[in-house]
file run-v7.cif (mmCIF, C-alpha atoms and all ligand atoms)
data_start
#
loop_
_atom_site.label_atom_id
_atom_site.label_comp_id
_atom_site.auth_asym_id
_atom_site.auth_seq_id
_atom_site.Cartn_x
_atom_site.Cartn_y
_atom_site.Cartn_z
CA MET A 1 -36.09 23.05 91.78
CA ASN A 2 -36.03 20.06 89.42
CA THR A 3 -38.19 20.44 86.35
CA TYR A 4 -39.06 17.46 84.18
CA HIS A 5 -40.07 17.65 80.53
CA ILE A 6 -42.91 15.27 79.80
CA SER A 7 -44.29 14.42 76.36
CA VAL A 8 -48.01 13.79 76.66
CA ILE A 9 -49.90 11.63 74.14
CA PRO A 10 -53.55 11.14 75.17
CA GLY A 11 -54.27 9.06 72.02
CA ASP A 12 -57.77 7.72 71.46
CA GLY A 13 -61.03 6.97 73.23
CA ILE A 14 -60.81 7.14 77.00
CA GLY A 15 -57.11 8.03 76.70
CA LYS A 16 -58.35 11.58 76.07
CA GLU A 17 -60.33 11.44 79.33
CA VAL A 18 -57.92 9.72 81.71
CA VAL A 19 -54.74 11.54 80.63
CA PRO A 20 -56.08 14.96 81.74
CA ALA A 21 -57.04 13.30 85.04
CA GLY A 22 -53.47 12.02 85.39
CA LEU A 23 -52.07 15.48 84.63
CA ARG A 24 -54.28 17.08 87.28
CA VAL A 25 -52.90 14.68 89.88
CA LEU A 26 -49.34 15.28 88.67
CA ASP A 27 -49.79 19.05 88.98
CA ALA A 28 -51.18 18.71 92.48
CA VAL A 29 -48.46 16.36 93.69
CA SER A 30 -45.64 18.40 92.14
CA ALA A 31 -46.89 21.45 94.04
CA ILE A 32 -46.79 19.47 97.30
CA HIS A 33 -43.34 17.98 96.73
CA GLY A 34 -41.72 21.02 95.11
CA PHE A 35 -40.70 20.00 91.61
CA GLY A 36 -41.76 21.30 88.23
CA LEU A 37 -43.38 19.57 85.28
CA HIS A 38 -43.36 20.93 81.78
CA TYR A 39 -45.67 19.25 79.29
CA ARG A 40 -45.53 19.00 75.52
CA HIS A 41 -48.85 17.78 74.11
CA TYR A 42 -49.18 15.64 70.99
CA ASP A 43 -52.45 14.70 69.29
CA TRP A 44 -51.05 11.50 67.75
CA SER A 45 -53.91 9.06 67.41
CA CYS A 46 -56.16 7.06 65.13
CA GLU A 47 -58.05 10.27 64.49
CA LEU A 48 -54.87 11.80 63.10
CA TYR A 49 -54.34 8.62 61.07
CA LYS A 50 -57.78 8.94 59.52
CA SER A 51 -57.12 12.52 58.39
CA THR A 52 -53.42 12.26 57.43
CA GLY A 53 -52.67 8.56 56.95
CA LYS A 54 -50.14 8.74 59.80
CA MET A 55 -50.38 7.90 63.49
CA MET A 56 -47.57 10.36 64.16
CA PRO A 57 -45.49 12.70 61.98
CA ASP A 58 -42.30 11.39 60.33
CA ASP A 59 -40.12 13.13 62.90
CA GLY A 60 -42.29 11.90 65.80
CA ILE A 61 -39.56 9.84 67.44
CA GLU A 62 -37.09 12.76 67.19
CA ARG A 63 -39.56 15.11 68.85
CA LEU A 64 -39.96 12.80 71.83
CA GLY A 65 -36.26 12.06 72.09
CA ASP A 66 -35.19 14.84 74.46
CA SER A 67 -38.06 14.52 76.95
CA ASP A 68 -37.54 13.02 80.39
CA ALA A 69 -40.53 10.71 80.02
CA ILE A 70 -43.54 10.00 77.83
CA PHE A 71 -47.02 9.89 79.35
CA LEU A 72 -49.39 7.96 77.11
CA GLY A 73 -53.13 7.23 77.32
CA ALA A 74 -54.18 4.58 74.80
CA VAL A 75 -54.15 4.23 71.04
CA GLY A 76 -56.49 2.23 68.85
CA PHE A 77 -60.03 2.86 67.71
CA PRO A 78 -62.67 1.09 65.60
CA GLY A 79 -62.12 1.93 61.96
CA VAL A 80 -58.33 1.68 62.17
CA PRO A 81 -56.97 -1.87 62.35
CA ASP A 82 -55.17 -2.57 65.64
CA HIS A 83 -51.95 -3.58 63.92
CA ILE A 84 -51.78 -0.12 62.30
CA SER A 85 -51.98 1.78 65.59
CA LEU A 86 -49.62 -0.66 67.27
CA TRP A 87 -46.94 -0.86 64.59
CA ASN A 88 -47.03 2.87 63.73
CA LEU A 89 -46.91 4.36 67.19
CA LEU A 90 -46.51 2.13 70.22
CA ILE A 91 -44.03 -0.36 68.87
CA PRO A 92 -41.77 2.23 67.16
CA ILE A 93 -41.60 4.21 70.43
CA ARG A 94 -40.79 1.10 72.48
CA ARG A 95 -38.13 -0.04 69.99
CA GLU A 96 -36.52 3.28 68.99
CA PHE A 97 -36.08 4.20 72.64
CA ASP A 98 -35.02 0.67 73.50
CA GLN A 99 -37.69 0.40 76.20
CA TYR A 100 -36.94 -3.26 76.53
CA VAL A 101 -38.61 -3.70 79.92
CA ASN A 102 -42.33 -3.61 80.34
CA LEU A 103 -42.92 -3.50 84.08
CA ARG A 104 -46.37 -4.01 85.58
CA PRO A 105 -47.36 -4.40 89.21
CA VAL A 106 -50.08 -6.87 90.17
CA ARG A 107 -51.41 -5.70 93.49
CA LEU A 108 -54.71 -6.27 95.23
CA LEU A 109 -55.82 -2.80 96.27
CA ALA A 110 -58.15 -2.50 99.23
CA GLY A 111 -61.52 -1.37 97.95
CA VAL A 112 -61.28 -3.06 94.54
CA PRO A 113 -63.63 -6.06 94.31
CA CYS A 114 -61.60 -9.20 93.57
CA PRO A 115 -63.12 -12.19 91.78
CA LEU A 116 -61.11 -14.73 93.79
CA VAL A 117 -62.61 -16.69 96.66
CA ASN A 118 -60.96 -15.78 100.00
CA ALA A 119 -59.25 -12.81 98.35
CA ASP A 120 -59.28 -10.90 101.63
CA LYS A 121 -56.96 -13.52 103.12
CA LYS A 122 -54.41 -13.33 100.32
CA LYS A 123 -51.61 -10.85 99.91
CA ILE A 124 -51.34 -10.45 96.17
CA ASP A 125 -48.42 -8.18 95.41
CA PHE A 126 -46.00 -9.06 92.66
CA TRP A 127 -44.42 -7.68 89.49
CA ILE A 128 -44.48 -8.80 85.89
CA VAL A 129 -41.38 -8.10 83.81
CA ARG A 130 -42.19 -8.47 80.13
CA GLU A 131 -39.64 -8.40 77.31
CA ASN A 132 -40.73 -5.51 75.14
CA THR A 133 -38.65 -5.41 71.94
CA GLU A 134 -38.30 -8.83 70.31
CA GLY A 135 -39.56 -12.40 70.76
CA GLU A 136 -42.84 -13.35 69.18
CA TYR A 137 -43.70 -9.78 68.13
CA SER A 138 -41.68 -9.79 64.96
CA GLN A 139 -42.23 -8.86 61.36
CA VAL A 140 -40.10 -11.75 60.16
CA GLY A 141 -42.13 -14.11 58.03
CA GLY A 142 -44.64 -13.82 55.28
CA ARG A 143 -47.47 -15.28 53.30
CA MET A 144 -47.00 -17.61 50.34
CA PHE A 145 -49.30 -18.78 47.58
CA GLU A 146 -51.81 -16.17 48.62
CA GLY A 147 -55.40 -16.89 47.63
CA THR A 148 -54.71 -20.48 46.57
CA ASP A 149 -55.43 -23.63 48.51
CA ARG A 150 -51.65 -23.99 49.10
CA GLU A 151 -51.66 -20.69 50.98
CA PHE A 152 -49.56 -20.62 54.14
CA VAL A 153 -48.13 -18.12 56.60
CA VAL A 154 -44.83 -18.22 58.45
CA GLN A 155 -44.39 -16.10 61.58
CA GLN A 156 -40.94 -16.20 63.12
CA SER A 157 -40.00 -15.20 66.63
CA VAL A 158 -36.59 -13.75 67.39
CA PHE A 159 -34.73 -14.32 70.64
CA THR A 160 -31.24 -12.80 70.71
CA ARG A 161 -28.78 -13.50 73.49
CA HIS A 162 -28.53 -9.75 74.11
CA GLY A 163 -32.32 -9.35 74.32
CA THR A 164 -32.92 -12.47 76.38
CA ASP A 165 -30.11 -11.90 78.86
CA ARG A 166 -30.88 -8.27 79.52
CA ILE A 167 -34.55 -8.83 80.37
CA ILE A 168 -33.79 -11.79 82.64
CA LYS A 169 -31.00 -9.82 84.30
CA PHE A 170 -33.37 -6.91 84.87
CA ALA A 171 -35.82 -9.29 86.58
CA PHE A 172 -33.16 -10.56 89.00
CA GLU A 173 -31.74 -7.10 89.65
CA PHE A 174 -35.23 -5.76 90.25
CA ALA A 175 -36.00 -8.60 92.67
CA LYS A 176 -32.78 -7.82 94.53
CA GLN A 177 -33.51 -4.11 94.69
CA GLN A 178 -37.10 -4.72 95.86
CA LYS A 179 -35.91 -7.33 98.38
CA ARG A 180 -38.04 -10.04 96.81
CA LEU A 181 -37.35 -13.74 97.31
CA ARG A 182 -38.28 -15.32 94.02
CA VAL A 183 -38.04 -14.85 90.26
CA THR A 184 -40.39 -17.05 88.22
CA SER A 185 -39.84 -17.60 84.51
CA ALA A 186 -42.72 -18.16 82.06
CA THR A 187 -41.75 -20.79 79.52
CA LYS A 188 -43.16 -23.36 77.11
CA SER A 189 -40.11 -25.40 76.30
CA ASN A 190 -42.16 -28.58 75.91
CA GLY A 191 -43.95 -27.17 72.86
CA ILE A 192 -41.90 -24.34 71.39
CA TYR A 193 -38.94 -26.22 70.08
CA HIS A 194 -36.14 -23.71 69.62
CA ALA A 195 -36.92 -20.46 71.37
CA MET A 196 -38.12 -21.65 74.77
CA PRO A 197 -35.36 -24.18 75.54
CA TYR A 198 -32.98 -21.30 74.74
CA TRP A 199 -34.91 -18.99 77.07
CA ASP A 200 -34.70 -21.64 79.85
CA GLU A 201 -30.97 -22.04 79.28
CA ARG A 202 -30.32 -18.31 79.60
CA PHE A 203 -32.61 -18.09 82.65
CA ALA A 204 -30.70 -20.90 84.41
CA ALA A 205 -27.34 -19.30 83.54
CA MET A 206 -28.44 -15.91 84.92
CA ALA A 207 -29.93 -17.47 88.08
CA LYS A 208 -26.49 -18.79 89.04
CA GLY A 209 -25.36 -15.20 89.59
CA TYR A 210 -28.13 -14.65 92.16
CA PRO A 211 -27.79 -17.49 94.70
CA ASP A 212 -29.92 -15.64 97.27
CA ILE A 213 -32.94 -15.49 94.99
CA ILE A 214 -35.14 -18.53 94.36
CA ALA A 215 -35.43 -19.10 90.61
CA ASP A 216 -38.28 -21.24 89.35
CA GLN A 217 -40.08 -21.72 86.07
CA TYR A 218 -43.47 -22.89 84.85
CA HIS A 219 -44.97 -23.56 81.47
CA ILE A 220 -47.23 -20.69 80.54
CA ASP A 221 -50.37 -22.84 80.70
CA ILE A 222 -49.95 -24.01 84.30
CA LEU A 223 -48.50 -20.63 85.26
CA SER A 224 -51.76 -19.02 84.12
CA ALA A 225 -53.70 -21.44 86.35
CA ARG A 226 -51.39 -20.63 89.27
CA PHE A 227 -52.01 -16.91 88.79
CA VAL A 228 -55.63 -17.65 89.64
CA LEU A 229 -55.17 -20.43 92.23
CA SER A 230 -52.16 -19.16 94.20
CA PRO A 231 -51.22 -15.62 93.13
CA GLU A 232 -49.83 -14.87 96.60
CA ARG A 233 -46.76 -17.02 95.94
CA PHE A 234 -45.22 -14.80 93.23
CA ASP A 235 -42.70 -11.99 93.65
CA VAL A 236 -41.30 -11.23 90.19
CA VAL A 237 -42.44 -13.05 87.05
CA VAL A 238 -40.40 -12.69 83.85
CA GLY A 239 -41.71 -13.56 80.41
CA SER A 240 -41.16 -13.11 76.69
CA ASN A 241 -43.02 -10.42 74.77
CA LEU A 242 -46.11 -12.58 74.13
CA PHE A 243 -46.23 -14.49 77.41
CA GLY A 244 -45.56 -11.30 79.37
CA ASP A 245 -48.33 -9.54 77.47
CA ILE A 246 -50.90 -12.20 78.27
CA LEU A 247 -49.85 -12.51 81.92
CA SER A 248 -49.98 -8.79 82.41
CA ASP A 249 -53.68 -8.67 81.55
CA LEU A 250 -54.35 -11.85 83.53
CA GLY A 251 -52.67 -10.44 86.65
CA PRO A 252 -54.83 -7.31 86.84
CA GLY A 253 -57.86 -9.43 85.94
CA VAL A 254 -57.17 -11.65 88.94
CA THR A 255 -56.91 -8.60 91.20
CA GLY A 256 -60.25 -7.24 90.07
CA THR A 257 -60.01 -4.96 87.05
CA ILE A 258 -57.63 -3.90 84.32
CA ALA A 259 -58.88 -0.33 84.73
CA VAL A 260 -56.65 0.36 87.75
CA ALA A 261 -53.49 -1.30 86.42
CA PRO A 262 -50.46 0.77 85.36
CA SER A 263 -47.47 -0.07 83.21
CA ALA A 264 -44.02 1.27 82.48
CA ASN A 265 -42.00 0.81 79.30
CA ILE A 266 -38.50 1.33 80.58
CA ASN A 267 -35.08 1.95 79.14
CA PRO A 268 -33.17 1.04 82.31
CA GLU A 269 -29.92 2.63 81.11
CA ARG A 270 -31.77 5.94 80.79
CA ARG A 271 -30.22 6.68 77.43
CA HIS A 272 -33.73 7.38 76.09
CA PRO A 273 -37.06 8.44 77.60
CA SER A 274 -39.23 5.75 79.16
CA MET A 275 -42.98 5.64 78.60
CA PHE A 276 -45.80 5.23 81.13
CA GLU A 277 -49.31 4.11 80.19
CA PRO A 278 -52.23 2.25 81.75
CA VAL A 279 -52.68 -1.44 80.92
CA HIS A 280 -56.16 -0.86 79.52
CA GLY A 281 -56.89 0.23 75.97
CA SER A 282 -58.99 3.03 74.52
CA ALA A 283 -62.27 1.33 75.59
CA PRO A 284 -64.45 2.59 72.71
CA ASP A 285 -67.55 1.15 74.44
CA ILE A 286 -67.40 3.76 77.20
CA ALA A 287 -65.48 6.56 75.44
CA GLY A 288 -67.12 10.00 75.57
CA LYS A 289 -69.26 9.15 78.59
CA ALA A 290 -66.89 10.61 81.21
CA ILE A 291 -67.12 7.43 83.30
CA ALA A 292 -63.68 5.90 82.62
CA ASN A 293 -61.77 4.90 85.71
CA PRO A 294 -58.65 7.14 85.83
CA ILE A 295 -56.72 5.03 88.37
CA GLY A 296 -54.65 3.05 85.83
CA GLN A 297 -53.47 6.34 84.33
CA ILE A 298 -52.89 7.98 87.71
CA TRP A 299 -50.94 4.98 89.01
CA SER A 300 -48.88 5.13 85.76
CA ALA A 301 -48.10 8.74 86.68
CA ALA A 302 -46.81 7.46 90.02
CA MET A 303 -44.57 4.93 88.24
CA MET A 304 -43.28 7.78 86.06
CA LEU A 305 -42.38 9.89 89.10
CA GLU A 306 -40.67 6.91 90.71
CA HIS A 307 -38.58 6.47 87.56
CA LEU A 308 -37.72 10.19 87.53
CA GLY A 309 -36.43 9.89 91.10
CA GLU A 310 -39.42 11.45 92.87
CA GLN A 311 -40.12 8.42 95.07
CA GLN A 312 -41.93 10.35 97.78
CA ALA A 313 -44.31 11.93 95.32
CA ALA A 314 -44.97 8.48 93.82
CA SER A 315 -45.91 7.05 97.23
CA THR A 316 -48.07 10.07 97.95
CA ILE A 317 -50.12 9.25 94.84
CA ILE A 318 -50.44 5.55 95.64
CA HIS A 319 -51.54 6.24 99.21
CA ALA A 320 -54.07 8.77 97.94
CA ILE A 321 -55.52 6.17 95.53
CA GLU A 322 -55.84 3.69 98.41
CA ARG A 323 -57.42 6.24 100.71
CA ALA A 324 -59.89 7.34 98.03
CA LEU A 325 -60.89 3.70 97.41
CA CYS A 326 -61.34 2.92 101.10
CA ALA A 327 -63.18 6.05 102.22
CA PRO A 328 -66.57 5.18 103.77
CA ASP A 329 -68.28 7.66 101.45
CA ARG A 330 -66.10 6.71 98.51
CA ARG A 331 -66.78 8.28 95.14
CA VAL A 332 -65.90 5.76 92.42
CA THR A 333 -66.69 5.08 88.77
CA PRO A 334 -69.28 2.49 87.58
CA ASP A 335 -66.67 -0.25 86.94
CA LEU A 336 -65.98 -0.21 90.70
CA GLY A 337 -69.68 -0.21 91.56
CA GLY A 338 -70.15 3.54 91.97
CA ASN A 339 -71.87 6.19 89.92
CA CYS A 340 -69.24 8.92 89.80
CA SER A 341 -67.49 10.45 86.85
CA THR A 342 -63.81 10.32 85.93
CA ASP A 343 -63.43 13.85 87.29
CA GLU A 344 -65.15 13.12 90.59
CA LEU A 345 -62.92 10.12 91.31
CA THR A 346 -59.89 12.21 90.32
CA ASP A 347 -61.00 15.01 92.68
CA SER A 348 -61.33 12.49 95.47
CA ILE A 349 -57.77 11.22 94.85
CA ILE A 350 -56.44 14.78 94.74
CA GLY A 351 -58.26 15.49 97.99
CA ASN A 352 -56.40 12.58 99.56
CA LEU A 353 -52.90 13.71 98.53
CA LYS A 354 -50.95 14.65 101.58
P1 LIG B 1 -56.33 -2.86 73.71
O1 LIG B 1 -56.29 -3.80 72.56
O2 LIG B 1 -56.01 -1.46 73.36
O3 LIG B 1 -55.60 -3.39 74.91
P2 LIG B 1 -58.76 -3.99 74.60
O4 LIG B 1 -59.55 -4.50 73.45
O5 LIG B 1 -57.95 -4.94 75.39
O6 LIG B 1 -57.85 -2.79 74.12
P3 LIG B 1 -59.81 -2.14 76.52
O7 LIG B 1 -59.91 -0.90 75.78
O8 LIG B 1 -58.72 -2.25 77.49
O9 LIG B 1 -59.84 -3.31 75.51
O10 LIG B 1 -61.19 -2.45 77.26
C1 LIG B 1 -61.60 -3.74 77.69
C2 LIG B 1 -62.86 -3.60 78.56
O11 LIG B 1 -62.53 -3.01 79.81
C3 LIG B 1 -63.93 -2.71 77.94
O12 LIG B 1 -65.21 -3.21 78.17
C4 LIG B 1 -63.76 -1.40 78.65
O13 LIG B 1 -64.92 -0.66 78.75
C5 LIG B 1 -63.24 -1.79 80.03
N1 LIG B 1 -62.29 -0.76 80.49
C6 LIG B 1 -61.03 -0.59 80.07
N2 LIG B 1 -60.44 0.44 80.68
C7 LIG B 1 -61.37 0.96 81.51
C8 LIG B 1 -61.36 2.07 82.42
N3 LIG B 1 -60.29 2.86 82.59
N4 LIG B 1 -62.49 2.31 83.13
C9 LIG B 1 -63.58 1.53 83.00
N5 LIG B 1 -63.62 0.47 82.15
C10 LIG B 1 -62.55 0.18 81.42
MG MG B 2 -55.82 -5.36 75.83
#

call {"tool": "encode", "arguments": {"input": "run-v7.cif", "output": "structure tokens"}}
result
Amino acid sequence: MNTYHISVIPGDGIGKEVVPAGLRVLDAVSAIHGFGLHYRHYDWSCELYKSTGKMMPDDGIERLGDSDAIFLGAVGFPGVPDHISLWNLLIPIRREFDQYVNLRPVRLLAGVPCPLVNADKKKIDFWIVRENTEGEYSQVGGRMFEGTDREFVVQQSVFTRHGTDRIIKFAFEFAKQQKRLRVTSATKSNGIYHAMPYWDERFAAMAKGYPDIIADQYHIDILSARFVLSPERFDVVVGSNLFGDILSDLGPGVTGTIAVAPSANINPERRHPSMFEPVHGSAPDIAGKAIANPIGQIWSAAMMLEHLGEQQAASTIIHAIERALCAPDRRVTPDLGGNCSTDELTDSIIGNLK
């Protein structure tokens, strides 16, 4: 029997509520499909930061290094600036483990109310591939003449050939593997003078190696409009760290709610563990009320199993989510119009695993 070692970091806010829900589903599905899961739990969070001044211990990265995957809830909480939680936990994990792909599905699930007109006639089902290690999220730059009226800030972005090529290649390879027709690139080469023309150049060069796949590109502004107006035309969308980040909240927004959206931070070469987390954050406004929607976390668990090679178990989870959402007497959380708790929705999903 295969046994996988999973590092579990619930984090803050509703992370501490939806991660246990995800683990309950994982335990149930592993029993059905006959594999083992061994968890190591870490309390790394803003709470830990407040008491120790650290989001995670100095050897945090080392401790995670030998696990098969990392299962994360959400970090960030009022009282600790967002850049602290991001740059002291999430970003070090993504970079140290070279999780250079952030992969997020955008799929209209039956039973999730969609804000688009005629949504029932559209098949929205595509993937966003976001660069996860460089680009606009850089610490290169600084502030000069601080506090004077000559004060200014420089923020550099960094696009290496290595980093740009590997994310674009992943997008094409992924499209090929998923039998998708089209790869769309998010750009802004009319405004961003150096980086985006370079991005376009590398995208065009890579596209030549995939003559069977349609390669197109849009400036990020019109691409955002197209996400809303014609989301059914996308298959795989690839973007830089910043553009990918924005699109991957817009996509789930278009399909109804960020609460059900999953994400994977992947090291495709499997030299290091990959990390799976919902798209949503710690949602302080509803934390502690036991009403958080666990589907984003549970779907992230399915992406984790897929990555570990347990494809059947992953589909079992996704089908159970769909069945739970479509049941005539469905039991869902308030964000989906119901009045059930996190645990009740989780029970309903577990009841639909088969
Ligand atoms: P982050 O910066 O960590 O991404 P954020 O500021 O984008 O966080 P979220 O924590 O994702 O914000 O929450 C945004 C809104 O969506 C909040 O009103 C929150 O209550 C709601 N929300 C997020 N996740 C869920 C969930 N799982 N269930 C129900 N509502 C949610
Ligand atoms: Mg957010």

call {"tool": "residues_around", "arguments": {"input": "run-v7.cif", "residues": "segment 61-74 of chain A", "least_positions_apart": "2", "cutoff": "6 Å", "atoms": "all atoms listed in the file", "output": "JSON, numbers by chain"}}
result
{"A": [5, 6, 7, 8, 9, 10, 11, 12, 15, 19, 59, 273, 274, 275, 276, 277, 281, 282]}

call {"tool": "residues_around", "arguments": {"input": "run-v7.cif", "residues": "segment 43-47 of chain A", "least_positions_apart": "5", "cutoff": "10 Å", "atoms": "only C-alpha atoms", "output": "PyMOL selection string"}}
result
chain A and resi 8-13+15-16+52-57+60+74-82+84-85+88-89

call {"tool": "closest_residue", "arguments": {"input": "run-v7.cif", "among": "A:Asp235, A:Asp347, A:Asp335, A:Asp285", "to": "Ile128 of chain A", "atoms": "all atoms listed in the file"}}
result
A:Asp235

call {"tool": "closest_residue", "arguments": {"input": "run-v7.cif", "among": "A:Ile318, A:Cys114, A:Ala195, A:Ile246", "to": "ligand MG 2 (chain B)", "atoms": "all atoms listed in the file"}}
result
A:Ile246

call {"tool": "closest_atom_pairs", "arguments": {"input": "run-v7.cif", "of": "chain A", "to": "ligand LIG 1 (chain B)", "cutoff": "8 Å", "atoms": "only C-alpha atoms and all ligand atoms", "output": "Markdown table"}}
result
| residue | atom | partner | partner_atom | distance |
| --- | --- | --- | --- | --- |
| A:Ile14 | CA | B:LIG1 | N3 | 7.1 |
| A:Val18 | CA | B:LIG1 | N3 | 7.3 |
| A:Ala74 | CA | B:LIG1 | O2 | 6.5 |
| A:Val75 | CA | B:LIG1 | O2 | 6.4 |
| A:Gly76 | CA | B:LIG1 | O2 | 5.8 |
| A:Asp82 | CA | B:LIG1 | O1 | 7.1 |
| A:Thr257 | CA | B:LIG1 | O11 | 7.9 |
| A:Ile258 | CA | B:LIG1 | N2 | 6.3 |
| A:Ala259 | CA | B:LIG1 | N3 | 4.1 |
| A:Val260 | CA | B:LIG1 | N3 | 6.8 |
| A:Val279 | CA | B:LIG1 | O3 | 7.0 |
| A:His280 | CA | B:LIG1 | O8 | 3.6 |
| A:Gly281 | CA | B:LIG1 | O7 | 3.2 |
| A:Ser282 | CA | B:LIG1 | O7 | 4.2 |
| A:Ala283 | CA | B:LIG1 | O7 | 3.3 |
| A:Pro284 | CA | B:LIG1 | O7 | 6.5 |
| A:Asp285 | CA | B:LIG1 | O13 | 5.4 |
| A:Ile286 | CA | B:LIG1 | O13 | 5.3 |
| A:Ala287 | CA | B:LIG1 | O13 | 8.0 |
| A:Ile291 | CA | B:LIG1 | C9 | 6.9 |
| A:Ala292 | CA | B:LIG1 | N4 | 3.8 |
| A:Asn293 | CA | B:LIG1 | N4 | 3.7 |
| A:Pro294 | CA | B:LIG1 | N3 | 5.6 |
| A:Ile295 | CA | B:LIG1 | N3 | 7.1 |
| A:Gly296 | CA | B:LIG1 | N3 | 6.5 |
| A:Gln297 | CA | B:LIG1 | N3 | 7.9 |
| A:Thr333 | CA | B:LIG1 | C9 | 7.5 |
| A:Pro334 | CA | B:LIG1 | C9 | 7.4 |
| A:Asp335 | CA | B:LIG1 | C9 | 5.3 |

call {"tool": "write_last_selection", "arguments": {"input": "run-v7.cif", "atoms": "C-alpha atoms", "output": "PDB file, keeping the file's coordinate frame"}}
result
ATOM      1  CA  ILE A  14     -60.810   7.140  77.000  1.00  0.00           C
ATOM      2  CA  VAL A  18     -57.920   9.720  81.710  1.00  0.00           C
ATOM      3  CA  ALA A  74     -54.180   4.580  74.800  1.00  0.00           C
ATOM      4  CA  VAL A  75     -54.150   4.230  71.040  1.00  0.00           C
ATOM      5  CA  GLY A  76     -56.490   2.230  68.850  1.00  0.00           C
ATOM      6  CA  ASP A  82     -55.170  -2.570  65.640  1.00  0.00           C
ATOM      7  CA  THR A 257     -60.010  -4.960  87.050  1.00  0.00           C
ATOM      8  CA  ILE A 258     -57.630  -3.900  84.320  1.00  0.00           C
ATOM      9  CA  ALA A 259     -58.880  -0.330  84.730  1.00  0.00           C
ATOM     10  CA  VAL A 260     -56.650   0.360  87.750  1.00  0.00           C
ATOM     11  CA  VAL A 279     -52.680  -1.440  80.920  1.00  0.00           C
ATOM     12  CA  HIS A 280     -56.160  -0.860  79.520  1.00  0.00           C
ATOM     13  CA  GLY A 281     -56.890   0.230  75.970  1.00  0.00           C
ATOM     14  CA  SER A 282     -58.990   3.030  74.520  1.00  0.00           C
ATOM     15  CA  ALA A 283     -62.270   1.330  75.590  1.00  0.00           C
ATOM     16  CA  PRO A 284     -64.450   2.590  72.710  1.00  0.00           C
ATOM     17  CA  ASP A 285     -67.550   1.150  74.440  1.00  0.00           C
ATOM     18  CA  ILE A 286     -67.400   3.760  77.200  1.00  0.00           C
ATOM     19  CA  ALA A 287     -65.480   6.560  75.440  1.00  0.00           C
ATOM     20  CA  ILE A 291     -67.120   7.430  83.300  1.00  0.00           C
ATOM     21  CA  ALA A 292     -63.680   5.900  82.620  1.00  0.00           C
ATOM     22  CA  ASN A 293     -61.770   4.900  85.710  1.00  0.00           C
ATOM     23  CA  PRO A 294     -58.650   7.140  85.830  1.00  0.00           C
ATOM     24  CA  ILE A 295     -56.720   5.030  88.370  1.00  0.00           C
ATOM     25  CA  GLY A 296     -54.650   3.050  85.830  1.00  0.00           C
ATOM     26  CA  GLN A 297     -53.470   6.340  84.330  1.00  0.00           C
ATOM     27  CA  THR A 333     -66.690   5.080  88.770  1.00  0.00           C
ATOM     28  CA  PRO A 334     -69.280   2.490  87.580  1.00  0.00           C
ATOM     29  CA  ASP A 335     -66.670  -0.250  86.940  1.00  0.00           C
TER      30      ASP A 335
END

call {"tool": "atom_distance", "arguments": {"input": "run-v7.cif", "atom1": "atom CA of Ala324 of chain A", "atom2": "atom CA of His33 of chain A"}}
result
19.7 Å
